[in-house]
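Below is the file query_35.pdb, which contains PDB, C-alpha atoms and all ligand atoms.
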ATOM      1  CA  MET A   1     -34.753 -16.122   4.616  1.00  0.00           C
ATOM      2  CA  PRO A   2     -33.071 -19.244   3.194  1.00  0.00           C
ATOM      3  CA  PHE A   3     -32.593 -17.357  -0.089  1.00  0.00           C
ATOM      4  CA  ALA A   4     -30.830 -14.449   1.707  1.00  0.00           C
ATOM      5  CA  PHE A   5     -28.505 -16.918   3.389  1.00  0.00           C
ATOM      6  CA  LEU A   6     -27.591 -18.450   0.055  1.00  0.00           C
ATOM      7  CA  VAL A   7     -26.747 -15.057  -1.486  1.00  0.00           C
ATOM      8  CA  VAL A   8     -24.426 -14.111   1.398  1.00  0.00           C
ATOM      9  CA  LYS A   9     -22.745 -17.498   1.308  1.00  0.00           C
ATOM     10  CA  SER A  10     -22.163 -17.211  -2.441  1.00  0.00           C
ATOM     11  CA  LYS A  11     -20.449 -13.817  -2.060  1.00  0.00           C
ATOM     12  CA  MET A  12     -18.191 -15.135   0.668  1.00  0.00           C
ATOM     13  CA  THR A  13     -17.004 -18.108  -1.344  1.00  0.00           C
ATOM     14  CA  THR A  14     -16.123 -16.019  -4.430  1.00  0.00           C
ATOM     15  CA  THR A  15     -13.816 -13.624  -2.544  1.00  0.00           C
ATOM     16  CA  TYR A  16     -10.244 -13.774  -3.818  1.00  0.00           C
ATOM     17  CA  SER A  17      -7.846 -12.186  -1.350  1.00  0.00           C
ATOM     18  CA  LEU A  18      -4.314 -10.828  -1.622  1.00  0.00           C
ATOM     19  CA  LYS A  19      -3.222 -13.913   0.321  1.00  0.00           C
ATOM     20  CA  ASN A  20      -4.942 -16.191  -2.203  1.00  0.00           C
ATOM     21  CA  PHE A  21      -3.125 -14.372  -5.003  1.00  0.00           C
ATOM     22  CA  ILE A  22       0.259 -14.640  -3.262  1.00  0.00           C
ATOM     23  CA  ASP A  23      -0.274 -18.368  -2.625  1.00  0.00           C
ATOM     24  CA  ASP A  24      -1.183 -18.930  -6.287  1.00  0.00           C
ATOM     25  CA  LEU A  25       1.776 -16.886  -7.522  1.00  0.00           C
ATOM     26  CA  ASP A  26       4.081 -18.815  -5.235  1.00  0.00           C
ATOM     27  CA  ARG A  27       2.894 -22.063  -6.824  1.00  0.00           C
ATOM     28  CA  ILE A  28       3.131 -20.685 -10.378  1.00  0.00           C
ATOM     29  CA  THR A  29       6.652 -19.256 -10.007  1.00  0.00           C
ATOM     30  CA  ARG A  30       7.914 -22.486  -8.435  1.00  0.00           C
ATOM     31  CA  THR A  31       6.609 -24.606 -11.327  1.00  0.00           C
ATOM     32  CA  GLU A  32       7.184 -22.248 -14.293  1.00  0.00           C
ATOM     33  CA  SER A  33      10.397 -20.493 -15.333  1.00  0.00           C
ATOM     34  CA  SER A  34       9.302 -18.992 -18.660  1.00  0.00           C
ATOM     35  CA  GLN A  35       8.275 -15.342 -18.281  1.00  0.00           C
ATOM     36  CA  GLU A  36       5.454 -15.770 -20.815  1.00  0.00           C
ATOM     37  CA  LYS A  37       4.017 -18.808 -19.012  1.00  0.00           C
ATOM     38  CA  ILE A  38       4.177 -17.088 -15.620  1.00  0.00           C
ATOM     39  CA  VAL A  39       2.414 -13.986 -16.917  1.00  0.00           C
ATOM     40  CA  ASN A  40      -0.191 -16.002 -18.846  1.00  0.00           C
ATOM     41  CA  ALA A  41      -1.026 -18.053 -15.761  1.00  0.00           C
ATOM     42  CA  ALA A  42      -0.987 -15.127 -13.315  1.00  0.00           C
ATOM     43  CA  LYS A  43      -2.762 -12.418 -15.310  1.00  0.00           C
ATOM     44  CA  PRO A  44      -6.326 -13.780 -14.862  1.00  0.00           C
ATOM     45  CA  LEU A  45      -5.652 -14.096 -11.130  1.00  0.00           C
ATOM     46  CA  LEU A  46      -4.521 -10.480 -10.831  1.00  0.00           C
ATOM     47  CA  VAL A  47      -7.567  -9.419 -12.864  1.00  0.00           C
ATOM     48  CA  ARG A  48      -9.709 -11.234 -10.314  1.00  0.00           C
ATOM     49  CA  LEU A  49      -7.888  -9.572  -7.405  1.00  0.00           C
ATOM     50  CA  VAL A  50      -8.011  -5.972  -8.681  1.00  0.00           C
ATOM     51  CA  GLN A  51     -11.710  -6.271  -9.418  1.00  0.00           C
ATOM     52  CA  GLN A  52     -12.176  -6.202  -5.644  1.00  0.00           C
ATOM     53  CA  PRO A  53     -11.794  -2.553  -4.556  1.00  0.00           C
ATOM     54  CA  ASN A  54     -10.891  -3.453  -0.952  1.00  0.00           C
ATOM     55  CA  CYS A  55      -8.180  -6.023  -1.678  1.00  0.00           C
ATOM     56  CA  ILE A  56      -5.441  -3.794  -0.155  1.00  0.00           C
ATOM     57  CA  GLU A  57      -5.301  -2.416   3.403  1.00  0.00           C
ATOM     58  CA  GLU A  58      -5.961   1.289   3.896  1.00  0.00           C
ATOM     59  CA  GLN A  59      -2.379   2.137   4.910  1.00  0.00           C
ATOM     60  CA  TYR A  60      -1.093   1.046   1.491  1.00  0.00           C
ATOM     61  CA  ARG A  61      -3.490   3.223  -0.510  1.00  0.00           C
ATOM     62  CA  LYS A  62      -1.989   6.665   0.272  1.00  0.00           C
ATOM     63  CA  ARG A  63       0.200   8.962  -1.798  1.00  0.00           C
ATOM     64  CA  GLY A  64       3.816   9.407  -0.655  1.00  0.00           C
ATOM     65  CA  VAL A  65       4.987  12.592   1.065  1.00  0.00           C
ATOM     66  CA  THR A  66       6.917  13.950  -1.922  1.00  0.00           C
ATOM     67  CA  ALA A  67       6.032  11.595  -4.753  1.00  0.00           C
ATOM     68  CA  TYR A  68       3.698   8.787  -5.672  1.00  0.00           C
ATOM     69  CA  GLY A  69       3.221   6.132  -2.979  1.00  0.00           C
ATOM     70  CA  ARG A  70       4.969   2.746  -3.240  1.00  0.00           C
ATOM     71  CA  TYR A  71       4.455  -0.008  -0.659  1.00  0.00           C
ATOM     72  CA  MET A  72       5.892  -3.504  -0.612  1.00  0.00           C
ATOM     73  CA  LEU A  73       3.098  -5.964   0.223  1.00  0.00           C
ATOM     74  CA  HIS A  74       4.974  -9.257  -0.189  1.00  0.00           C
ATOM     75  CA  ARG A  75       8.606 -10.127  -0.972  1.00  0.00           C
ATOM     76  CA  ALA A  76       9.465 -13.670  -2.040  1.00  0.00           C
ATOM     77  CA  PRO A  77      12.607 -14.994  -3.759  1.00  0.00           C
ATOM     78  CA  LEU A  78      10.884 -15.406  -7.139  1.00  0.00           C
ATOM     79  CA  PHE A  79       8.372 -12.515  -7.124  1.00  0.00           C
ATOM     80  CA  ASN A  80       7.140  -9.502  -5.180  1.00  0.00           C
ATOM     81  CA  VAL A  81       3.834  -7.665  -4.888  1.00  0.00           C
ATOM     82  CA  SER A  82       3.550  -3.938  -4.210  1.00  0.00           C
ATOM     83  CA  SER A  83       0.965  -1.164  -4.327  1.00  0.00           C
ATOM     84  CA  VAL A  84       1.486   2.120  -6.160  1.00  0.00           C
ATOM     85  CA  VAL A  85      -0.586   5.297  -5.744  1.00  0.00           C
ATOM     86  CA  TRP A  86      -0.264   7.889  -8.520  1.00  0.00           C
ATOM     87  CA  GLY A  87      -1.567  11.371  -7.761  1.00  0.00           C
ATOM     88  CA  PRO A  88      -2.859  13.659 -10.512  1.00  0.00           C
ATOM     89  CA  GLY A  89       0.091  14.573 -12.768  1.00  0.00           C
ATOM     90  CA  ASP A  90       2.382  11.892 -11.334  1.00  0.00           C
ATOM     91  CA  ASN A  91       4.348  10.001 -13.962  1.00  0.00           C
ATOM     92  CA  ALA A  92       7.249   7.646 -14.618  1.00  0.00           C
ATOM     93  CA  LYS A  93       9.074   8.380 -17.872  1.00  0.00           C
ATOM     94  CA  ALA A  94       9.945   5.542 -20.250  1.00  0.00           C
ATOM     95  CA  HIS A  95      11.853   2.790 -18.445  1.00  0.00           C
ATOM     96  CA  ASN A  96      12.565  -0.920 -18.671  1.00  0.00           C
ATOM     97  CA  HIS A  97      12.235  -3.623 -15.967  1.00  0.00           C
ATOM     98  CA  ASP A  98      14.637  -6.443 -16.885  1.00  0.00           C
ATOM     99  CA  THR A  99      12.066  -8.956 -15.621  1.00  0.00           C
ATOM    100  CA  TRP A 100       8.446 -10.014 -16.112  1.00  0.00           C
ATOM    101  CA  GLY A 101       5.801  -7.826 -14.545  1.00  0.00           C
ATOM    102  CA  MET A 102       2.096  -7.087 -14.217  1.00  0.00           C
ATOM    103  CA  VAL A 103       0.343  -3.823 -13.390  1.00  0.00           C
ATOM    104  CA  GLY A 104      -3.280  -4.060 -12.264  1.00  0.00           C
ATOM    105  CA  VAL A 105      -5.510  -1.032 -11.700  1.00  0.00           C
ATOM    106  CA  ILE A 106      -7.757  -1.127  -8.620  1.00  0.00           C
ATOM    107  CA  GLU A 107      -9.113   2.426  -8.649  1.00  0.00           C
ATOM    108  CA  ASN A 108      -9.391   5.140 -11.297  1.00  0.00           C
ATOM    109  CA  GLU A 109      -7.211   4.761 -14.434  1.00  0.00           C
ATOM    110  CA  ILE A 110      -3.659   5.210 -15.760  1.00  0.00           C
ATOM    111  CA  GLN A 111      -2.306   6.159 -19.164  1.00  0.00           C
ATOM    112  CA  GLU A 112       0.379   3.684 -20.193  1.00  0.00           C
ATOM    113  CA  THR A 113       2.564   4.240 -23.259  1.00  0.00           C
ATOM    114  CA  ARG A 114       4.340   1.135 -24.566  1.00  0.00           C
ATOM    115  CA  PHE A 115       7.582   1.214 -26.528  1.00  0.00           C
ATOM    116  CA  ARG A 116       9.666  -1.045 -28.719  1.00  0.00           C
ATOM    117  CA  ARG A 117      13.417  -0.637 -28.955  1.00  0.00           C
ATOM    118  CA  LYS A 118      14.506  -0.228 -32.594  1.00  0.00           C
ATOM    119  CA  ASP A 119      18.299  -0.274 -32.019  1.00  0.00           C
ATOM    120  CA  ASP A 120      20.325  -3.331 -31.046  1.00  0.00           C
ATOM    121  CA  GLY A 121      20.895  -2.214 -27.432  1.00  0.00           C
ATOM    122  CA  GLU A 122      24.667  -2.449 -27.806  1.00  0.00           C
ATOM    123  CA  SER A 123      25.341   1.196 -26.924  1.00  0.00           C
ATOM    124  CA  ALA A 124      25.262   1.978 -23.207  1.00  0.00           C
ATOM    125  CA  ASP A 125      23.762   5.441 -23.523  1.00  0.00           C
ATOM    126  CA  ARG A 126      21.955   5.454 -26.887  1.00  0.00           C
ATOM    127  CA  ALA A 127      18.474   4.028 -27.450  1.00  0.00           C
ATOM    128  CA  ASP A 128      16.048   4.462 -30.326  1.00  0.00           C
ATOM    129  CA  LEU A 129      12.476   3.776 -29.229  1.00  0.00           C
ATOM    130  CA  GLU A 130       9.152   3.865 -31.031  1.00  0.00           C
ATOM    131  CA  VAL A 131       5.695   3.971 -29.471  1.00  0.00           C
ATOM    132  CA  THR A 132       3.723   0.767 -30.002  1.00  0.00           C
ATOM    133  CA  ALA A 133       0.577   1.704 -28.038  1.00  0.00           C
ATOM    134  CA  VAL A 134      -0.956   4.356 -25.812  1.00  0.00           C
ATOM    135  CA  LEU A 135      -3.330   2.625 -23.433  1.00  0.00           C
ATOM    136  CA  LYS A 136      -5.927   3.859 -20.986  1.00  0.00           C
ATOM    137  CA  ASN A 137      -5.899   1.165 -18.320  1.00  0.00           C
ATOM    138  CA  LYS A 138      -9.042   1.324 -16.213  1.00  0.00           C
ATOM    139  CA  ALA A 139     -10.000  -0.278 -12.903  1.00  0.00           C
ATOM    140  CA  GLY A 140     -10.036  -4.057 -13.207  1.00  0.00           C
ATOM    141  CA  MET A 141      -7.523  -4.148 -16.074  1.00  0.00           C
ATOM    142  CA  VAL A 142      -4.039  -5.718 -16.006  1.00  0.00           C
ATOM    143  CA  SER A 143      -1.092  -4.818 -18.238  1.00  0.00           C
ATOM    144  CA  CYS A 144       1.842  -7.244 -18.628  1.00  0.00           C
ATOM    145  CA  LEU A 145       5.593  -6.873 -19.181  1.00  0.00           C
ATOM    146  CA  VAL A 146       7.978  -9.499 -20.565  1.00  0.00           C
ATOM    147  CA  SER A 147      11.689  -8.704 -20.897  1.00  0.00           C
ATOM    148  CA  PRO A 148      13.684  -7.956 -22.896  1.00  0.00           C
ATOM    149  CA  ASN A 149      11.395  -7.350 -25.902  1.00  0.00           C
ATOM    150  CA  ASP A 150       8.209  -6.041 -24.290  1.00  0.00           C
ATOM    151  CA  ASP A 151       9.115  -4.450 -20.962  1.00  0.00           C
ATOM    152  CA  ILE A 152       9.431  -0.714 -21.724  1.00  0.00           C
ATOM    153  CA  HIS A 153       6.627   1.637 -20.764  1.00  0.00           C
ATOM    154  CA  GLU A 154       5.804   5.104 -19.450  1.00  0.00           C
ATOM    155  CA  MET A 155       3.059   5.812 -16.915  1.00  0.00           C
ATOM    156  CA  ASN A 156       1.072   9.026 -16.583  1.00  0.00           C
ATOM    157  CA  ASN A 157      -1.844   9.852 -14.343  1.00  0.00           C
ATOM    158  CA  VAL A 158      -3.584  12.367 -16.590  1.00  0.00           C
ATOM    159  CA  SER A 159      -6.744  12.318 -14.473  1.00  0.00           C
ATOM    160  CA  ASP A 160      -7.683  14.630 -11.594  1.00  0.00           C
ATOM    161  CA  ARG A 161      -7.660  12.021  -8.824  1.00  0.00           C
ATOM    162  CA  ASP A 162      -5.479   9.289  -7.334  1.00  0.00           C
ATOM    163  CA  THR A 163      -4.947   6.008  -9.148  1.00  0.00           C
ATOM    164  CA  LEU A 164      -4.346   2.846  -7.097  1.00  0.00           C
ATOM    165  CA  GLU A 165      -2.500  -0.125  -8.604  1.00  0.00           C
ATOM    166  CA  ILE A 166      -0.951  -3.460  -7.697  1.00  0.00           C
ATOM    167  CA  HIS A 167       2.449  -4.167  -9.288  1.00  0.00           C
ATOM    168  CA  VAL A 168       3.944  -7.649  -9.496  1.00  0.00           C
ATOM    169  CA  TYR A 169       7.531  -8.289 -10.614  1.00  0.00           C
ATOM    170  CA  GLY A 170       9.843 -11.270 -10.971  1.00  0.00           C
ATOM    171  CA  LYS A 171      12.754  -9.337  -9.431  1.00  0.00           C
ATOM    172  CA  ASP A 172      13.093  -6.887  -6.542  1.00  0.00           C
ATOM    173  CA  LEU A 173      13.511  -3.542  -8.318  1.00  0.00           C
ATOM    174  CA  THR A 174      14.895  -1.726  -5.258  1.00  0.00           C
ATOM    175  CA  ASP A 175      18.455  -0.574  -6.061  1.00  0.00           C
ATOM    176  CA  MET A 176      18.469  -2.733  -9.204  1.00  0.00           C
ATOM    177  CA  PRO A 177      20.188  -0.953 -12.131  1.00  0.00           C
ATOM    178  CA  ARG A 178      17.923  -0.565 -15.162  1.00  0.00           C
ATOM    179  CA  LEU A 179      17.322   1.990 -17.903  1.00  0.00           C
ATOM    180  CA  ARG A 180      15.351   5.205 -18.209  1.00  0.00           C
ATOM    181  CA  PHE A 181      14.967   6.570 -21.732  1.00  0.00           C
ATOM    182  CA  ASP A 182      14.732  10.046 -23.229  1.00  0.00           C
ATOM    183  CA  ILE A 183      12.727   9.483 -26.384  1.00  0.00           C
ATOM    184  CA  GLY A 184      13.494  12.848 -28.031  1.00  0.00           C
ATOM    185  CA  SER A 185      17.275  12.745 -27.636  1.00  0.00           C
ATOM    186  CA  LYS A 186      17.429   8.942 -28.126  1.00  0.00           C
ATOM    187  CA  THR A 187      19.480   8.480 -24.985  1.00  0.00           C
ATOM    188  CA  ALA A 188      19.386   6.004 -22.082  1.00  0.00           C
ATOM    189  CA  LYS A 189      20.579   6.438 -18.506  1.00  0.00           C
ATOM    190  CA  THR A 190      20.978   3.906 -15.741  1.00  0.00           C
ATOM    191  CA  PHE A 191      18.734   4.433 -12.708  1.00  0.00           C
ATOM    192  CA  ALA A 192      17.450   2.395  -9.767  1.00  0.00           C
ATOM    193  CA  SER A 193      14.216   2.543  -7.815  1.00  0.00           C
ATOM    194  CA  PRO A 194      14.614   3.702  -4.192  1.00  0.00           C
ATOM    195  CA  LYS A 195      13.306   1.785  -1.192  1.00  0.00           C
ATOM    196  CA  TYR A 196       9.550   1.449  -0.833  1.00  0.00           C
ATOM    197  CA  ASP A 197       7.682   3.815   1.499  1.00  0.00           C
ATOM    198  CA  ASN A 198       7.198   1.065   4.080  1.00  0.00           C
ATOM    199  CA  CYS A 199      10.503  -0.857   3.780  1.00  0.00           C
TER     200      CYS A 199
HETATM  201 FE    FE A 201       7.245   0.376 -14.816  1.00  0.00          FE
END
Could you quickly redo this structure as C-alpha cells?
Ligand SMILES: [Fe+2]
Amino acid sequence: MPFAFLVVKSKMTTTYSLKNFIDDLDRITRTESSQEKIVNAAKPLLVRLVQQPNCIEEQYRKRGVTAYGRYMLHRAPLFNVSSVVWGPGDNAKAHNHDTWGMVGVIENEIQETRFRRKDDGESADRADLEVTAVLKNKAGMVSCLVSPNDDIHEMNNVSDRDTLEIHVYGKDLTDMPRLRFDIGSKTAKTFASPKYDNC
C-alpha cells in the first residue's frame, strides 16, 4: 500500500497544466525580448504541456461550425494561447505571422510545409517562395516560428480524423494584417484572421 501511494503522488507532482504554462510564458516574455530566446525557452514547456492529452477543456476541442475550430485560451499583452481543431481536409494555405509562434500537437498529426522567401519582399503583391521542409508533426511535437525569416508555413490535415493543437503567438492575430501567398503565381495578398470561435 505505501508503494501505491508513492506512485500516485509522483504522477500528481509531474502534472504540468495550462496555467503552469501560462505562468511560465508570462515570466519568459517579461524577461526576454528576442524572439529566438523566447521560443528556445518556451518550446520545451509547450512540449511538456501537449504531451498531456487532457491539458485543454472539452469545450475547446471541437471543430467550428463552418471551418476549423479556433478558441482563445489566454490573452496577455505579450503573448496569447489558443487551441485549433483541424478536421480532415482542413488547411491553411501558405501565410506569414509577423511575430514569433509555436504550434504544438496534442492529438493526431498535421502536415506542415515550411517556406523561405527568395525575393526581397519589397513588392506588395509579388512573392517568390521555395519549400524548405514538409513535416509530419505528431502528437507531442512542437513547431516554432520566428519572423521575418522563418515564419511562413502551410498547414494541412491530410488524415481522416480531427487534429487538436495549441498555438502560441507573440501578437494577437485577430484583425492583424499579414500575408497569404499563392506559390504557383508568385503572388501575395493581405489577409487577417477573424475573431476566435469563443471571443
Ligand atoms: Fe500559421
>> When the PyMOL selection byres (((chain A and resi 189) around 6) and not hetatm) is applied to the structure above, which residues does it catch, written out as JSON, numbers by chain?
In response: {"A": [179, 180, 188, 190]}
>> Just want the residues within 7 Å of ligand FE 201 (chain A), written as a VMD selection string, counting all atoms listed in the file.
In response: chain A and resid 95 to 97 153 to 154
>> Applying the PyMOL selection byres (((chain A and resi 198) around 12) and not hetatm) to the file I just gave you, which residues come out? Please list them as a list in words.
In response: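 In the shown coordinates, the PyMOL selection byres (((chain A and resi 198) around 12) and not hetatm) covers Gln59, Tyr60, Arg61, Lys62, Gly64, Gly69, Arg70, Tyr71, Met72, Leu73, His74, Ser82, Ser83, Val84, Pro194, Lys195, Tyr196, Asp197 and Cys199 of chain A.
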> Using all atoms listed in the file, which residue out of A:Glu109, A:Asp98, A:Asp120, A:Asp128 lies closest to Lys186 in chain A?
Replying inline: A:Asp128
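Counting all atoms listed in the file, the residue from A:Ser185, A:Thr15, A:Ser33, A:Asn137 that sits nearest to Thr163 in chain A is A:Asn137.
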Residue IDs satisfying the PyMOL selection byres (((chain A and resi 81) around 10) and not hetatm), as an mmCIF file with C-alpha atoms, keeping the file's coordinate frame:
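See result01.cif below for the written result:
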data_model
loop_
_atom_site.group_PDB
_atom_site.id
_atom_site.type_symbol
_atom_site.label_atom_id
_atom_site.label_comp_id
_atom_site.auth_asym_id
_atom_site.auth_seq_id
_atom_site.Cartn_x
_atom_site.Cartn_y
_atom_site.Cartn_z
ATOM 1 C CA LEU A 18 -4.314 -10.828 -1.622
ATOM 2 C CA PHE A 21 -3.125 -14.372 -5.003
ATOM 3 C CA ILE A 22 0.259 -14.640 -3.262
ATOM 4 C CA LEU A 25 1.776 -16.886 -7.522
ATOM 5 C CA TYR A 71 4.455 -0.008 -0.659
ATOM 6 C CA MET A 72 5.892 -3.504 -0.612
ATOM 7 C CA LEU A 73 3.098 -5.964 0.223
ATOM 8 C CA HIS A 74 4.974 -9.257 -0.189
ATOM 9 C CA ARG A 75 8.606 -10.127 -0.972
ATOM 10 C CA ALA A 76 9.465 -13.670 -2.040
ATOM 11 C CA PHE A 79 8.372 -12.515 -7.124
ATOM 12 C CA ASN A 80 7.140 -9.502 -5.180
ATOM 13 C CA SER A 82 3.550 -3.938 -4.210
ATOM 14 C CA SER A 83 0.965 -1.164 -4.327
ATOM 15 C CA GLY A 101 5.801 -7.826 -14.545
ATOM 16 C CA MET A 102 2.096 -7.087 -14.217
ATOM 17 C CA VAL A 103 0.343 -3.823 -13.390
ATOM 18 C CA ILE A 166 -0.951 -3.460 -7.697
ATOM 19 C CA HIS A 167 2.449 -4.167 -9.288
ATOM 20 C CA VAL A 168 3.944 -7.649 -9.496
ATOM 21 C CA TYR A 169 7.531 -8.289 -10.614
ATOM 22 C CA GLY A 170 9.843 -11.270 -10.971
ATOM 23 C CA ASP A 172 13.093 -6.887 -6.542
#
>> Given the point (-0.6, 13.1, -10.7) in the coordinates of this file, which residues lie within 8 Å, counting all atoms listed in the file, and how would they look as number ranges by chain?
In response: A: 68, 86-91, 156-162
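For the set A:Asn108, A:Gln35, A:Ser193, A:Thr174, the residue with the smallest atom-to-atom gap to Ser147 in chain A is A:Gln35, counting all atoms listed in the file.
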Put a box with edges along x, y and z around all the listed atoms of range 159-168 of chain A, pad it by 8 Å on each side, then give me its centre and sizes in Å, one decimal, as JSON.
{"center_x": -1.9, "center_y": 3.5, "center_z": -10.8, "size_x": 27.6, "size_y": 38.3, "size_z": 23.4}
> Restricting the calculation to only C-alpha atoms, which member of A:Arg30, A:Tyr16, A:Glu112, A:Phe191 is positioned closest to Pro44 in chain A?
Replying inline: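 With only C-alpha atoms as the atom set, the closest residue is A:Tyr16.
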Kindly write range 63-84 of chain A with C-alpha atoms to a file, as a PDB file, in the first residue's frame.
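Once everything was written out, this is selection-v4.pdb:
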ATOM      1  CA  ARG A  63     -14.444  21.758 -34.785  1.00  0.00           C
ATOM      2  CA  GLY A  64     -16.080  25.060 -35.783  1.00  0.00           C
ATOM      3  CA  VAL A  65     -19.497  25.170 -37.453  1.00  0.00           C
ATOM      4  CA  THR A  66     -18.196  26.026 -40.927  1.00  0.00           C
ATOM      5  CA  ALA A  67     -14.435  25.717 -40.616  1.00  0.00           C
ATOM      6  CA  TYR A  68     -11.726  24.509 -38.296  1.00  0.00           C
ATOM      7  CA  GLY A  69     -12.206  25.432 -34.629  1.00  0.00           C
ATOM      8  CA  ARG A  70     -10.199  28.272 -33.049  1.00  0.00           C
ATOM      9  CA  TYR A  71     -10.525  29.183 -29.365  1.00  0.00           C
ATOM     10  CA  MET A  72      -8.655  31.820 -27.406  1.00  0.00           C
ATOM     11  CA  LEU A  73      -7.484  30.295 -24.111  1.00  0.00           C
ATOM     12  CA  HIS A  74      -5.429  33.197 -22.735  1.00  0.00           C
ATOM     13  CA  ARG A  75      -4.757  36.748 -23.960  1.00  0.00           C
ATOM     14  CA  ALA A  76      -1.903  38.723 -22.415  1.00  0.00           C
ATOM     15  CA  PRO A  77      -0.157  41.869 -23.691  1.00  0.00           C
ATOM     16  CA  LEU A  78       2.984  39.989 -24.767  1.00  0.00           C
ATOM     17  CA  PHE A  79       1.567  36.601 -25.855  1.00  0.00           C
ATOM     18  CA  ASN A  80      -1.615  34.602 -26.360  1.00  0.00           C
ATOM     19  CA  VAL A  81      -2.519  30.920 -26.237  1.00  0.00           C
ATOM     20  CA  SER A  82      -5.249  29.350 -28.362  1.00  0.00           C
ATOM     21  CA  SER A  83      -6.483  25.923 -29.419  1.00  0.00           C
ATOM     22  CA  VAL A  84      -7.066  24.919 -33.033  1.00  0.00           C
TER      23      VAL A  84
END
